[in-house]
$ cat run.json   # JSON, C-alpha atoms and all ligand atoms
[["chain", "number", "residue", "atom", "x", "y", "z"],
["A", 27, "MET", "CA", -72.72, 67.96, -44.98],
["A", 28, "ALA", "CA", -75.33, 70.56, -44.18],
["A", 29, "LYS", "CA", -74.39, 74.17, -45.01],
["A", 30, "ARG", "CA", -74.94, 75.25, -41.43],
["A", 31, "GLU", "CA", -73.67, 73.32, -38.47],
["A", 32, "ILE", "CA", -75.83, 72.73, -35.42],
["A", 33, "ILE", "CA", -74.29, 74.38, -32.37],
["A", 34, "ILE", "CA", -73.85, 72.27, -29.25],
["A", 35, "LEU", "CA", -74.05, 72.86, -25.52],
["A", 36, "PRO", "CA", -72.35, 74.82, -23.84],
["A", 37, "ASP", "CA", -72.26, 77.25, -26.82],
["A", 38, "LYS", "CA", -73.39, 80.55, -25.28],
["A", 39, "ARG", "CA", -75.51, 81.45, -28.30],
["A", 40, "LEU", "CA", -78.02, 78.83, -27.15],
["A", 41, "ARG", "CA", -78.89, 81.24, -24.32],
["A", 42, "LEU", "CA", -79.68, 84.20, -26.60],
["A", 43, "VAL", "CA", -83.21, 85.52, -26.93],
["A", 44, "SER", "CA", -83.92, 85.51, -30.67],
["A", 45, "ALA", "CA", -85.31, 88.59, -32.40],
["A", 46, "PRO", "CA", -88.68, 88.64, -34.16],
["A", 47, "VAL", "CA", -88.59, 88.45, -37.96],
["A", 48, "LYS", "CA", -89.72, 91.84, -39.25],
["A", 49, "LYS", "CA", -89.82, 90.98, -42.91],
["A", 50, "ILE", "CA", -89.62, 87.68, -44.73],
["A", 51, "THR", "CA", -86.63, 88.34, -46.93],
["A", 52, "ALA", "CA", -84.64, 86.08, -49.24],
["A", 53, "ASP", "CA", -82.21, 85.61, -46.34],
["A", 54, "ILE", "CA", -84.99, 84.21, -44.16],
["A", 55, "ARG", "CA", -86.06, 81.82, -46.92],
["A", 56, "THR", "CA", -82.47, 80.62, -47.31],
["A", 57, "LEU", "CA", -82.20, 80.23, -43.54],
["A", 58, "VAL", "CA", -85.34, 78.05, -43.53],
["A", 59, "GLU", "CA", -83.95, 75.87, -46.35],
["A", 60, "ASP", "CA", -80.66, 75.48, -44.49],
["A", 61, "MET", "CA", -82.51, 74.63, -41.29],
["A", 62, "PHE", "CA", -84.48, 71.85, -42.96],
["A", 63, "GLU", "CA", -81.28, 70.52, -44.47],
["A", 64, "ALA", "CA", -79.53, 70.46, -41.09],
["A", 65, "MET", "CA", -82.60, 69.05, -39.33],
["A", 66, "TYR", "CA", -83.16, 66.19, -41.79],
["A", 67, "GLU", "CA", -79.47, 65.37, -41.87],
["A", 68, "ALA", "CA", -79.18, 65.18, -38.07],
["A", 69, "PRO", "CA", -81.92, 63.69, -38.12],
["A", 70, "GLY", "CA", -84.31, 65.55, -35.85],
["A", 71, "ILE", "CA", -87.99, 66.51, -35.71],
["A", 72, "GLY", "CA", -87.59, 70.18, -34.81],
["A", 73, "LEU", "CA", -85.05, 72.97, -35.02],
["A", 74, "ALA", "CA", -84.88, 76.60, -33.94],
["A", 75, "ALA", "CA", -82.82, 79.06, -36.00],
["A", 76, "ILE", "CA", -80.47, 79.80, -33.11],
["A", 77, "GLN", "CA", -79.37, 76.14, -33.25],
["A", 78, "VAL", "CA", -77.67, 76.97, -36.53],
["A", 79, "GLY", "CA", -76.39, 80.22, -35.02],
["A", 80, "ALA", "CA", -79.10, 82.57, -36.36],
["A", 81, "PRO", "CA", -80.86, 84.49, -33.57],
["A", 82, "ALA", "CA", -84.19, 84.88, -35.42],
["A", 83, "ARG", "CA", -87.60, 83.63, -34.29],
["A", 84, "VAL", "CA", -87.87, 80.85, -36.85],
["A", 85, "VAL", "CA", -88.73, 77.21, -36.15],
["A", 86, "THR", "CA", -88.85, 74.19, -38.47],
["A", 87, "ILE", "CA", -90.69, 71.01, -37.55],
["A", 88, "ASP", "CA", -91.40, 67.68, -39.23],
["A", 89, "ILE", "CA", -92.98, 65.08, -37.00],
["A", 90, "ALA", "CA", -94.03, 62.73, -39.81],
["A", 91, "LYS", "CA", -93.26, 59.10, -39.00],
["A", 92, "LYS", "CA", -90.24, 57.54, -40.63],
["A", 93, "ASP", "CA", -92.11, 55.77, -43.44],
["A", 94, "ASP", "CA", -94.67, 58.54, -44.05],
["A", 95, "PRO", "CA", -94.14, 61.34, -46.57],
["A", 96, "LYS", "CA", -92.21, 64.36, -45.29],
["A", 97, "ASN", "CA", -94.27, 67.10, -43.70],
["A", 98, "PRO", "CA", -92.02, 70.17, -43.38],
["A", 99, "GLN", "CA", -93.62, 72.94, -41.33],
["A", 100, "VAL", "CA", -92.27, 76.47, -40.79],
["A", 101, "PHE", "CA", -93.25, 78.76, -37.93],
["A", 102, "ILE", "CA", -92.15, 82.38, -38.02],
["A", 103, "ASN", "CA", -92.51, 84.43, -34.82],
["A", 104, "PRO", "CA", -94.43, 81.60, -33.13],
["A", 105, "GLU", "CA", -96.16, 82.52, -29.90],
["A", 106, "ILE", "CA", -98.13, 80.41, -27.45],
["A", 107, "VAL", "CA", -101.48, 82.11, -26.85],
["A", 108, "GLU", "CA", -103.13, 79.38, -24.77],
["A", 109, "SER", "CA", -101.91, 76.38, -22.76],
["A", 110, "SER", "CA", -103.99, 73.56, -21.32],
["A", 111, "ASP", "CA", -104.02, 72.85, -17.59],
["A", 112, "GLU", "CA", -103.58, 69.20, -18.47],
["A", 113, "LYS", "CA", -99.91, 68.24, -18.52],
["A", 114, "VAL", "CA", -98.09, 65.47, -20.29],
["A", 115, "THR", "CA", -94.60, 64.04, -19.93],
["A", 116, "TYR", "CA", -92.40, 63.11, -22.88],
["A", 117, "GLU", "CA", -88.82, 61.99, -22.96],
["A", 118, "GLU", "CA", -87.14, 64.85, -24.82],
["A", 119, "GLY", "CA", -83.85, 65.19, -26.57],
["A", 120, "CYS", "CA", -82.23, 68.07, -28.42],
["A", 121, "LEU", "CA", -79.92, 68.26, -31.44],
["A", 122, "SER", "CA", -77.80, 70.75, -29.46],
["A", 123, "ILE", "CA", -77.44, 68.28, -26.57],
["A", 124, "PRO", "CA", -76.76, 65.07, -28.51],
["A", 125, "GLU", "CA", -77.43, 61.68, -26.96],
["A", 126, "PHE", "CA", -78.92, 63.05, -23.77],
["A", 127, "TYR", "CA", -82.58, 62.51, -22.93],
["A", 128, "GLY", "CA", -84.84, 63.49, -20.06],
["A", 129, "ASP", "CA", -88.50, 63.46, -19.06],
["A", 130, "VAL", "CA", -90.10, 66.89, -19.33],
["A", 131, "GLU", "CA", -93.62, 67.78, -18.24],
["A", 132, "ARG", "CA", -95.42, 70.41, -20.34],
["A", 133, "PRO", "CA", -98.98, 71.47, -21.13],
["A", 134, "ALA", "CA", -100.64, 68.74, -23.21],
["A", 135, "GLN", "CA", -102.22, 71.21, -25.64],
["A", 136, "VAL", "CA", -101.19, 74.66, -26.77],
["A", 137, "LYS", "CA", -102.60, 77.18, -29.20],
["A", 138, "VAL", "CA", -99.86, 78.82, -31.24],
["A", 139, "LYS", "CA", -100.04, 81.81, -33.53],
["A", 140, "TYR", "CA", -97.35, 82.30, -36.14],
["A", 141, "LEU", "CA", -96.61, 83.53, -39.65],
["A", 142, "ASP", "CA", -95.93, 81.32, -42.64],
["A", 143, "LEU", "CA", -93.24, 81.98, -45.25],
["A", 144, "ASP", "CA", -95.62, 84.30, -47.12],
["A", 145, "GLY", "CA", -96.11, 86.38, -43.98],
["A", 146, "LYS", "CA", -99.67, 85.10, -43.55],
["A", 147, "LYS", "CA", -101.01, 84.79, -40.01],
["A", 148, "HIS", "CA", -102.08, 81.39, -38.72],
["A", 149, "GLU", "CA", -103.23, 79.82, -35.50],
["A", 150, "VAL", "CA", -102.89, 76.14, -34.76],
["A", 151, "GLU", "CA", -104.00, 73.90, -31.91],
["A", 152, "ALA", "CA", -101.19, 71.52, -31.13],
["A", 153, "ASN", "CA", -101.39, 68.37, -29.08],
["A", 154, "GLY", "CA", -99.45, 65.15, -28.61],
["A", 155, "LEU", "CA", -95.87, 65.10, -29.84],
["A", 156, "PHE", "CA", -96.49, 68.24, -31.91],
["A", 157, "ALA", "CA", -97.41, 70.24, -28.76],
["A", 158, "THR", "CA", -94.28, 69.11, -26.94],
["A", 159, "CYS", "CA", -92.07, 69.74, -29.97],
["A", 160, "ILE", "CA", -93.31, 73.27, -30.65],
["A", 161, "GLN", "CA", -92.99, 74.23, -26.97],
["A", 162, "HIS", "CA", -89.44, 72.87, -26.95],
["A", 163, "GLU", "CA", -88.59, 74.94, -30.05],
["A", 164, "ILE", "CA", -90.26, 78.14, -28.78],
["A", 165, "ASP", "CA", -88.20, 77.70, -25.59],
["A", 166, "HIS", "CA", -85.08, 77.85, -27.79],
["A", 167, "LEU", "CA", -86.19, 81.24, -29.14],
["A", 168, "ASN", "CA", -86.15, 82.46, -25.55],
["A", 169, "GLY", "CA", -82.76, 80.95, -24.73],
["A", 170, "VAL", "CA", -84.35, 78.11, -22.75],
["A", 171, "LEU", "CA", -83.23, 74.48, -23.12],
["A", 172, "PHE", "CA", -85.16, 71.36, -22.17],
["A", 173, "ILE", "CA", -82.57, 70.60, -19.51],
["A", 174, "ASP", "CA", -83.80, 73.75, -17.71],
["A", 175, "HIS", "CA", -86.99, 71.79, -17.00],
["A", 176, "LEU", "CA", -85.04, 69.00, -15.27],
["A", 177, "SER", "CA", -83.75, 69.01, -11.70],
["A", 178, "LYS", "CA", -80.76, 71.24, -11.02],
["A", 179, "LEU", "CA", -78.69, 68.16, -10.24],
["A", 180, "LYS", "CA", -79.39, 66.55, -13.62],
["A", 181, "ARG", "CA", -78.91, 69.83, -15.46],
["A", 182, "ASP", "CA", -75.59, 70.63, -13.78],
["A", 183, "ARG", "CA", -74.39, 67.12, -14.54],
["A", 184, "VAL", "CA", -75.13, 67.33, -18.27],
["A", 185, "ILE", "CA", -73.71, 70.87, -18.58],
["A", 186, "LYS", "CA", -70.52, 69.70, -16.88],
["A", 187, "LYS", "CA", -70.25, 66.71, -19.18],
["A", 188, "PHE", "CA", -70.67, 68.82, -22.35],
["A", 189, "THR", "CA", -68.31, 71.52, -21.07],
["A", 190, "LYS", "CA", -65.63, 68.89, -20.50],
["A", 191, "ALA", "CA", -66.20, 67.40, -23.96],
["A", 192, "ALA", "CA", -65.96, 70.85, -25.58],
["A", 193, "LYS", "CA", -62.64, 71.47, -23.81],
["A", 194, "ARG", "CA", -61.31, 68.16, -25.02],
["A", 195, "THR", "CA", -62.23, 69.01, -28.63],
["A", 196, "ALA", "CA", -60.61, 72.43, -28.30],
["A", 197, "GLU", "CA", -57.33, 71.00, -27.05],
["B", 1, "ZN", "ZN", -83.74, 71.52, -28.85]]
$ encode --input "run.json" --output "structure tokens"
Amino acid sequence: MAKREIIILPDKRLRLVSAPVKKITADIRTLVEDMFEAMYEAPGIGLAAIQVGAPARVVTIDIAKKDDPKNPQVFINPEIVESSDEKVTYEEGCLSIPEFYGDVERPAQVKVKYLDLDGKKHEVEANGLFATCIQHEIDHLNGVLFIDHLSKLKRDRVIKKFTKAAKRTAE
């Protein structure tokens, strides 16, 4: 089992706005390791630190195909600096909302600036699945979930379902 458990809807922490990382300490490095462990175990292609209960602006992503070598990527304090007018729709899911999927429309390309684990600044142009994934994860850092991009009806329905399930587990 992964050292840190992935928190699930309706856990209120999912709505927190995560704080920027001021310094890349040993704790941040450990957090990143734990995030990859939890993400690969799930398995998922992206994770924000708050999903393991840490409200820090840290994102891990690996969108390598199943049979390709792993491609772990870390984004510290990621920020979207440009978004394309062109939009694209992907069916999204979320490790914090297991087994629920929905079509979300987002900019097809985004330019993202971020720091790596050495504190070095980078800028990357993301498109395709990578663009959708990084926007989904940056949303998490702002307390936003992909279900917020769905209709209110669909969102209310899934929140209700997960709230009921959480109550059942607590009983
Ligand atoms: Zn998610």
$ residues_near_ligand --input "run.json" --ligand "ligand ZN 1 (chain B)" --cutoff "10 Å" --atoms "all atoms listed in the file" --output "MDAnalysis selection string"
chainID A and resid 34 40 70:74 76:77 118:124 159:166 170:173
$ closest_residue --input "run.json" --among "A:Ile89, A:Lys178, A:Ala64, A:Gly79" --to "Asp37 (chain A)" --atoms "only C-alpha atoms"
A:Gly79
$ residues_around --input "run.json" --residues "Gly154 (chain A)" --least-positions-apart "6" --cutoff "12 Å" --atoms "all atoms listed in the file" --output "list in words"
Ile89, Glu112, Lys113, Val114, Thr115, Tyr116, Arg132, Pro133, Ala134, Gln135, Val136, Ile160 and Gln161 of chain A
$ residues_around --input "run.json" --residues "Thr56 (chain A)" --least-positions-apart "2" --cutoff "12 Å" --atoms "all atoms listed in the file" --output "VMD selection string"
chain A and resid 29 to 30 50 to 54 58 to 63 75 80 84 143
$ atom_distance --input "run.json" --atom1 "CA of Ser109 (chain A)" --atom2 "CA of Gly169 (chain A)"
19.8 Å
$ residues_near_point --input "run.json" --point "(-103.7, 82.3, -39.2)" --cutoff "12 Å" --atoms "all atoms listed in the file" --output "MDAnalysis selection string"
chainID A and resid 101:102 104:105 137:142 144:151
$ build_atoms --input "run.json" --residues "region 128-139 of chain A" --atoms "all heavy atoms" --output "mmCIF file, in the coordinates of the input"
data_model
loop_
_atom_site.group_PDB
_atom_site.id
_atom_site.type_symbol
_atom_site.label_atom_id
_atom_site.label_comp_id
_atom_site.auth_asym_id
_atom_site.auth_seq_id
_atom_site.Cartn_x
_atom_site.Cartn_y
_atom_site.Cartn_z
ATOM 1 N N GLY A 128 -84.270 63.313 -21.397
ATOM 2 C CA GLY A 128 -84.840 63.490 -20.060
ATOM 3 C C GLY A 128 -86.340 63.712 -20.150
ATOM 4 O O GLY A 128 -86.835 64.238 -21.153
ATOM 5 N N ASP A 129 -87.048 63.294 -19.106
ATOM 6 C CA ASP A 129 -88.500 63.460 -19.060
ATOM 7 C C ASP A 129 -88.856 64.908 -18.716
ATOM 8 O O ASP A 129 -88.401 65.429 -17.708
ATOM 9 C CB ASP A 129 -89.104 62.546 -17.995
ATOM 10 C CG ASP A 129 -89.202 61.109 -18.490
ATOM 11 O OD1 ASP A 129 -89.178 60.914 -19.720
ATOM 12 O OD2 ASP A 129 -89.304 60.195 -17.653
ATOM 13 N N VAL A 130 -89.670 65.514 -19.566
ATOM 14 C CA VAL A 130 -90.100 66.890 -19.330
ATOM 15 C C VAL A 130 -91.629 66.938 -19.329
ATOM 16 O O VAL A 130 -92.276 66.377 -20.220
ATOM 17 C CB VAL A 130 -89.561 67.844 -20.428
ATOM 18 C CG1 VAL A 130 -90.065 69.270 -20.206
ATOM 19 C CG2 VAL A 130 -88.041 67.824 -20.449
ATOM 20 N N GLU A 131 -92.171 67.610 -18.310
ATOM 21 C CA GLU A 131 -93.620 67.780 -18.240
ATOM 22 C C GLU A 131 -93.987 69.153 -18.808
ATOM 23 O O GLU A 131 -93.367 70.159 -18.461
ATOM 24 C CB GLU A 131 -94.058 67.696 -16.768
ATOM 25 C CG GLU A 131 -95.563 67.655 -16.620
ATOM 26 C CD GLU A 131 -96.023 67.824 -15.176
ATOM 27 O OE1 GLU A 131 -95.899 68.943 -14.637
ATOM 28 O OE2 GLU A 131 -96.492 66.836 -14.596
ATOM 29 N N ARG A 132 -94.969 69.149 -19.715
ATOM 30 C CA ARG A 132 -95.420 70.410 -20.340
ATOM 31 C C ARG A 132 -96.927 70.336 -20.522
ATOM 32 O O ARG A 132 -97.507 69.250 -20.496
ATOM 33 C CB ARG A 132 -94.789 70.574 -21.730
ATOM 34 C CG ARG A 132 -93.282 70.649 -21.765
ATOM 35 C CD ARG A 132 -92.854 70.893 -23.213
ATOM 36 N NE ARG A 132 -91.410 70.800 -23.401
ATOM 37 C CZ ARG A 132 -90.575 71.841 -23.334
ATOM 38 N NH1 ARG A 132 -91.037 73.048 -23.063
ATOM 39 N NH2 ARG A 132 -89.281 71.681 -23.538
ATOM 40 N N PRO A 133 -97.560 71.501 -20.778
ATOM 41 C CA PRO A 133 -98.980 71.470 -21.130
ATOM 42 C C PRO A 133 -99.237 70.507 -22.296
ATOM 43 O O PRO A 133 -98.460 70.471 -23.254
ATOM 44 C CB PRO A 133 -99.268 72.919 -21.533
ATOM 45 C CG PRO A 133 -98.283 73.719 -20.747
ATOM 46 C CD PRO A 133 -97.036 72.862 -20.689
ATOM 47 N N ALA A 134 -100.338 69.743 -22.188
ATOM 48 C CA ALA A 134 -100.640 68.740 -23.210
ATOM 49 C C ALA A 134 -101.085 69.366 -24.522
ATOM 50 O O ALA A 134 -100.837 68.823 -25.600
ATOM 51 C CB ALA A 134 -101.702 67.776 -22.685
ATOM 52 N N GLN A 135 -101.775 70.511 -24.430
ATOM 53 C CA GLN A 135 -102.220 71.210 -25.640
ATOM 54 C C GLN A 135 -101.821 72.685 -25.559
ATOM 55 O O GLN A 135 -101.903 73.274 -24.481
ATOM 56 C CB GLN A 135 -103.750 71.170 -25.793
ATOM 57 C CG GLN A 135 -104.318 69.828 -26.218
ATOM 58 C CD GLN A 135 -105.008 69.132 -25.072
ATOM 59 O OE1 GLN A 135 -105.530 69.785 -24.170
ATOM 60 N NE2 GLN A 135 -104.979 67.819 -25.076
ATOM 61 N N VAL A 136 -101.444 73.217 -26.689
ATOM 62 C CA VAL A 136 -101.190 74.660 -26.770
ATOM 63 C C VAL A 136 -101.774 75.209 -28.061
ATOM 64 O O VAL A 136 -101.869 74.498 -29.070
ATOM 65 C CB VAL A 136 -99.668 75.006 -26.735
ATOM 66 C CG1 VAL A 136 -99.081 74.802 -25.358
ATOM 67 C CG2 VAL A 136 -98.888 74.234 -27.783
ATOM 68 N N LYS A 137 -102.180 76.481 -27.984
ATOM 69 C CA LYS A 137 -102.600 77.180 -29.200
ATOM 70 C C LYS A 137 -101.462 78.120 -29.558
ATOM 71 O O LYS A 137 -100.974 78.861 -28.710
ATOM 72 C CB LYS A 137 -103.886 77.954 -28.921
ATOM 73 C CG LYS A 137 -104.617 78.376 -30.179
ATOM 74 C CD LYS A 137 -105.778 79.280 -29.872
ATOM 75 C CE LYS A 137 -107.076 78.509 -29.675
ATOM 76 N NZ LYS A 137 -108.215 79.465 -29.448
ATOM 77 N N VAL A 138 -101.030 78.046 -30.811
ATOM 78 C CA VAL A 138 -99.860 78.820 -31.240
ATOM 79 C C VAL A 138 -100.225 79.692 -32.419
ATOM 80 O O VAL A 138 -100.843 79.228 -33.379
ATOM 81 C CB VAL A 138 -98.711 77.860 -31.661
ATOM 82 C CG1 VAL A 138 -97.504 78.641 -32.161
ATOM 83 C CG2 VAL A 138 -98.306 76.958 -30.507
ATOM 84 N N LYS A 139 -99.883 80.977 -32.338
ATOM 85 C CA LYS A 139 -100.040 81.810 -33.530
ATOM 86 C C LYS A 139 -98.661 82.047 -34.135
ATOM 87 O O LYS A 139 -97.658 82.103 -33.424
ATOM 88 C CB LYS A 139 -100.795 83.093 -33.228
ATOM 89 C CG LYS A 139 -100.133 84.064 -32.310
ATOM 90 C CD LYS A 139 -100.938 85.364 -32.264
ATOM 91 C CE LYS A 139 -100.114 86.440 -31.562
ATOM 92 N NZ LYS A 139 -100.847 87.693 -31.387
#
